file query-v9.cif (mmCIF, C-alpha atoms, pLDDT in the B column; chains and numbers go by the auth columns)
data_structure
loop_
_atom_site.group_PDB
_atom_site.id
_atom_site.type_symbol
_atom_site.label_atom_id
_atom_site.label_comp_id
_atom_site.label_asym_id
_atom_site.label_seq_id
_atom_site.Cartn_x
_atom_site.Cartn_y
_atom_site.Cartn_z
_atom_site.B_iso_or_equiv
_atom_site.auth_seq_id
_atom_site.auth_asym_id
ATOM 1 C CA MET A 1 10.491 -9.398 1.951 69.00 628 A
ATOM 2 C CA TRP A 2 8.043 -7.663 4.275 82.00 629 A
ATOM 3 C CA ARG A 3 10.504 -4.767 4.742 88.00 630 A
ATOM 4 C CA ILE A 4 10.193 -4.045 1.028 88.00 631 A
ATOM 5 C CA THR A 5 6.414 -4.099 1.277 91.00 632 A
ATOM 6 C CA LEU A 6 6.453 -1.704 4.222 94.00 633 A
ATOM 7 C CA ALA A 7 9.009 0.520 2.471 91.00 634 A
ATOM 8 C CA VAL A 8 6.849 0.780 -0.660 91.00 635 A
ATOM 9 C CA LEU A 9 3.801 1.509 1.505 95.00 636 A
ATOM 10 C CA ALA A 10 5.795 4.182 3.373 94.00 637 A
ATOM 11 C CA ASP A 11 6.657 5.867 0.075 90.00 638 A
ATOM 12 C CA ALA A 12 2.999 5.728 -0.960 94.00 639 A
ATOM 13 C CA CYS A 13 1.870 7.232 2.368 94.00 640 A
ATOM 14 C CA ALA A 14 4.430 10.023 2.068 90.00 641 A
ATOM 15 C CA ASP A 15 3.546 10.710 -1.571 89.00 642 A
ATOM 16 C CA LEU A 16 -0.179 10.785 -0.788 92.00 643 A
ATOM 17 C CA ASP A 17 0.190 12.542 2.581 90.00 644 A
ATOM 18 C CA TYR A 18 -1.756 9.720 4.252 94.00 645 A
ATOM 19 C CA MET A 19 -1.224 10.493 7.930 93.00 646 A
ATOM 20 C CA ASP A 20 -3.054 7.524 9.499 92.00 647 A
ATOM 21 C CA GLY A 21 -1.066 5.031 7.464 94.00 648 A
ATOM 22 C CA ALA A 22 2.161 6.874 8.204 95.00 649 A
ATOM 23 C CA GLU A 23 1.728 6.510 11.964 94.00 650 A
ATOM 24 C CA VAL A 24 1.114 2.773 11.684 95.00 651 A
ATOM 25 C CA LEU A 25 4.012 2.174 9.290 96.00 652 A
ATOM 26 C CA LEU A 26 6.373 4.301 11.342 96.00 653 A
ATOM 27 C CA GLU A 27 5.766 2.135 14.410 96.00 654 A
ATOM 28 C CA GLU A 28 6.534 -0.975 12.346 95.00 655 A
ATOM 29 C CA LEU A 29 9.616 0.406 10.571 96.00 656 A
ATOM 30 C CA ILE A 30 11.491 2.239 13.351 96.00 657 A
ATOM 31 C CA PRO A 31 12.825 -0.960 14.982 95.00 658 A
ATOM 32 C CA HIS A 32 14.280 -1.952 11.590 93.00 659 A
ATOM 33 C CA ALA A 33 15.798 1.384 10.602 93.00 660 A
ATOM 34 C CA GLU A 34 19.353 0.030 10.720 91.00 661 A
ATOM 35 C CA PHE A 35 18.543 -2.659 8.147 91.00 662 A
ATOM 36 C CA ASN A 36 18.107 -2.580 4.391 88.00 663 A
ATOM 37 C CA ALA A 37 14.984 -3.295 2.407 88.00 664 A
ATOM 38 C CA SER A 38 16.129 -5.881 -0.124 80.00 665 A
ATOM 39 C CA SER A 39 14.815 -9.024 -1.719 74.00 666 A
ATOM 40 C CA ALA A 40 16.284 -12.475 -2.207 73.00 667 A
ATOM 41 C CA ASN A 41 16.783 -11.761 -5.916 75.00 668 A
ATOM 42 C CA SER A 42 19.023 -8.765 -5.141 68.00 669 A
ATOM 43 C CA VAL A 43 16.533 -5.963 -5.595 73.00 670 A
ATOM 44 C CA GLU A 44 17.853 -3.233 -3.289 76.00 671 A
ATOM 45 C CA TYR A 45 15.557 -0.509 -1.984 82.00 672 A
ATOM 46 C CA GLY A 46 18.188 0.861 0.364 85.00 673 A
ATOM 47 C CA SER A 47 18.162 1.677 4.024 91.00 674 A
ATOM 48 C CA VAL A 48 14.896 1.401 5.926 94.00 675 A
ATOM 49 C CA ALA A 49 16.018 4.614 7.669 94.00 676 A
ATOM 50 C CA ARG A 50 15.262 6.531 4.446 90.00 677 A
ATOM 51 C CA PHE A 51 11.635 5.423 4.558 93.00 678 A
ATOM 52 C CA VAL A 52 11.436 6.204 8.271 95.00 679 A
ATOM 53 C CA GLY A 53 12.841 9.656 7.476 92.00 680 A
ATOM 54 C CA ARG A 54 10.160 10.258 4.852 90.00 681 A
ATOM 55 C CA LEU A 55 7.409 9.311 7.294 94.00 682 A
ATOM 56 C CA CYS A 56 8.911 11.459 10.054 93.00 683 A
ATOM 57 C CA THR A 57 9.075 14.425 7.658 89.00 684 A
ATOM 58 C CA MET A 58 5.444 13.948 6.741 90.00 685 A
ATOM 59 C CA LEU A 59 4.476 13.766 10.422 92.00 686 A
ATOM 60 C CA GLU A 60 6.558 16.907 11.137 90.00 687 A
ATOM 61 C CA ARG A 61 8.976 15.053 13.382 93.00 688 A
ATOM 62 C CA TRP A 62 11.828 17.104 11.980 89.00 689 A
ATOM 63 C CA ASP A 63 14.707 16.075 14.249 91.00 690 A
ATOM 64 C CA GLU A 64 13.900 12.384 13.889 94.00 691 A
ATOM 65 C CA ALA A 65 13.618 12.752 10.127 90.00 692 A
ATOM 66 C CA GLU A 66 17.012 14.401 9.882 88.00 693 A
ATOM 67 C CA GLN A 67 18.625 11.687 12.027 92.00 694 A
ATOM 68 C CA HIS A 68 17.152 8.904 9.915 92.00 695 A
ATOM 69 C CA PHE A 69 18.157 10.552 6.639 88.00 696 A
ATOM 70 C CA GLU A 70 21.727 10.876 7.900 88.00 697 A
ATOM 71 C CA ILE A 71 21.725 7.181 8.829 91.00 698 A
ATOM 72 C CA ALA A 72 20.371 6.329 5.373 89.00 699 A
ATOM 73 C CA PHE A 73 22.894 8.506 3.530 86.00 700 A
ATOM 74 C CA THR A 74 25.771 6.953 5.464 89.00 701 A
ATOM 75 C CA ALA A 75 24.494 3.430 4.791 88.00 702 A
ATOM 76 C CA HIS A 76 23.962 4.129 1.094 83.00 703 A
ATOM 77 C CA ASP A 77 27.413 5.664 0.735 83.00 704 A
ATOM 78 C CA ARG A 78 28.957 2.641 2.453 87.00 705 A
ATOM 79 C CA MET A 79 27.098 0.260 0.108 82.00 706 A
ATOM 80 C CA GLY A 80 27.942 2.302 -2.969 80.00 707 A
ATOM 81 C CA LEU A 81 24.298 3.030 -3.705 74.00 708 A
ATOM 82 C CA SER A 82 23.420 6.293 -5.329 66.00 709 A
ATOM 83 C CA LEU A 83 20.651 8.087 -3.515 62.00 710 A
ATOM 84 C CA ASP A 84 19.361 11.419 -4.602 58.00 711 A
ATOM 85 C CA ARG A 85 18.979 14.024 -1.927 65.00 712 A
ATOM 86 C CA VAL A 86 15.391 14.957 -2.782 68.00 713 A
ATOM 87 C CA ASP A 87 14.087 13.690 0.568 67.00 714 A
ATOM 88 C CA ALA A 88 16.633 15.748 2.496 66.00 715 A
ATOM 89 C CA ALA A 89 15.788 18.818 0.438 71.00 716 A
ATOM 90 C CA ARG A 90 12.091 18.316 1.198 70.00 717 A
ATOM 91 C CA LEU A 91 12.917 17.980 4.882 64.00 718 A
ATOM 92 C CA ARG A 92 14.853 21.234 4.881 70.00 719 A
ATOM 93 C CA ARG A 93 12.078 22.972 2.960 74.00 720 A
ATOM 94 C CA ASP A 94 9.228 21.633 5.101 71.00 721 A
ATOM 95 C CA ALA A 95 11.047 22.094 8.405 69.00 722 A
ATOM 96 C CA SER A 96 11.782 25.776 7.796 69.00 723 A
ATOM 97 C CA PRO A 97 9.675 28.084 10.008 58.00 724 A
ATOM 98 C CA PRO A 98 7.770 29.806 7.142 55.00 725 A
ATOM 99 C CA GLN A 99 6.795 26.426 5.645 53.00 726 A
ATOM 100 C CA ARG A 100 5.685 25.057 9.003 50.00 727 A
ATOM 101 C CA ALA A 101 3.236 27.927 9.386 51.00 728 A
ATOM 102 C CA ARG A 102 1.755 27.306 5.907 48.00 729 A
ATOM 103 C CA ARG A 103 1.351 23.530 6.177 51.00 730 A
ATOM 104 C CA PRO A 104 -2.326 22.506 6.623 52.00 731 A
#
call {"tool": "encode", "arguments": {"input": "query-v9.cif", "output": "C-alpha cells"}}
result
Amino acid sequence: MWRITLAVLADACADLDYMDGAEVLLEELIPHAEFNASSANSVEYGSVARFVGRLCTMLERWDEAEQHFEIAFTAHDRMGLSLDRVDAARLRRDASPPQRARRP
C-alpha cells in the first residue's frame, strides 16, 4: 500500500515541480522500480518505474528517466495495461538541448 502512496506523491511532486520532495521520493522509490504500485483490492497504478521516470525527468536526470520509462512501458505492455506516452513525450521535449537552456 505504501508504494501507491509514494507513487501518488511522486505524481504530485512532478506536477507541482516540487524539487525537494522529488529527491526524497526518488531515493525511496528507486529500489522498488521493478515492482508495481497496486492495492489489495486490485487497484493498479502500474510500474513504479514510471513514477521514478517522472521524478528523474523533473530532476533533469535524462538518461535515468529514459531507462525507467522503458522499464515501465515494457512492464505495462506485458501486463496488458494501457499507458499513454505523455511522460515519454515530456522527457523528449524537456531533454532536448533548446529546452534545457530555457528551464529555470
call {"tool": "closest_residue", "arguments": {"input": "query-v9.cif", "among": "A:Met706, A:Ile631, A:Cys640, A:Ala676", "to": "Pro658 (chain A)", "atoms": "all atoms listed in the file"}}
result
A:Ala676
call {"tool": "atom_distance", "arguments": {"input": "query-v9.cif", "atom1": "CA of Ala692 (chain A)", "atom2": "CA of Glu654 (chain A)"}}
result
13.9 Å
call {"tool": "closest_residue", "arguments": {"input": "query-v9.cif", "among": "A:Asn668, A:Asn663, A:Ser674, A:Thr684", "to": "Asp644 (chain A)", "atoms": "only C-alpha atoms"}}
result
A:Thr684
call {"tool": "closest_residue", "arguments": {"input": "query-v9.cif", "among": "A:Trp689, A:His695, A:Arg720, A:Gly673", "to": "Ala634 (chain A)", "atoms": "only C-alpha atoms"}}
result
A:Gly673
call {"tool": "closest_residue", "arguments": {"input": "query-v9.cif", "among": "A:Val635, A:Ile657, A:Leu708, A:Ala667", "to": "Gln694 (chain A)", "atoms": "all atoms listed in the file"}}
result
A:Ile657
call {"tool": "residues_around", "arguments": {"input": "query-v9.cif", "residues": "Glu691 (chain A)", "least_positions_apart": "4", "cutoff": "12 Å", "atoms": "all atoms listed in the file", "output": "list of chain:residue names"}}
result
A:Leu653, A:Ile657, A:Ala660, A:Ala676, A:Arg677, A:Phe678, A:Val679, A:Gly680, A:Arg681, A:Leu682, A:Cys683, A:Thr684, A:Met685, A:Leu686, A:Glu687, A:His695, A:Phe696, A:Glu697, A:Ile698, A:Leu718, A:Ala722
call {"tool": "closest_residue", "arguments": {"input": "query-v9.cif", "among": "A:Leu636, A:Met646, A:Ala641, A:Ala664", "to": "His703 (chain A)", "atoms": "all atoms listed in the file"}}
result
A:Ala664
call {"tool": "closest_residue", "arguments": {"input": "query-v9.cif", "among": "A:Ala639, A:Ala702, A:Val675, A:Val670", "to": "Leu656 (chain A)", "atoms": "all atoms listed in the file"}}
result
A:Val675
call {"tool": "atom_distance", "arguments": {"input": "query-v9.cif", "atom1": "CA of His659 (chain A)", "atom2": "CA of Ala637 (chain A)"}}
result
13.3 Å
call {"tool": "atom_distance", "arguments": {"input": "query-v9.cif", "atom1": "CA of Asp638 (chain A)", "atom2": "CA of Asp704 (chain A)"}}
result
20.8 Å
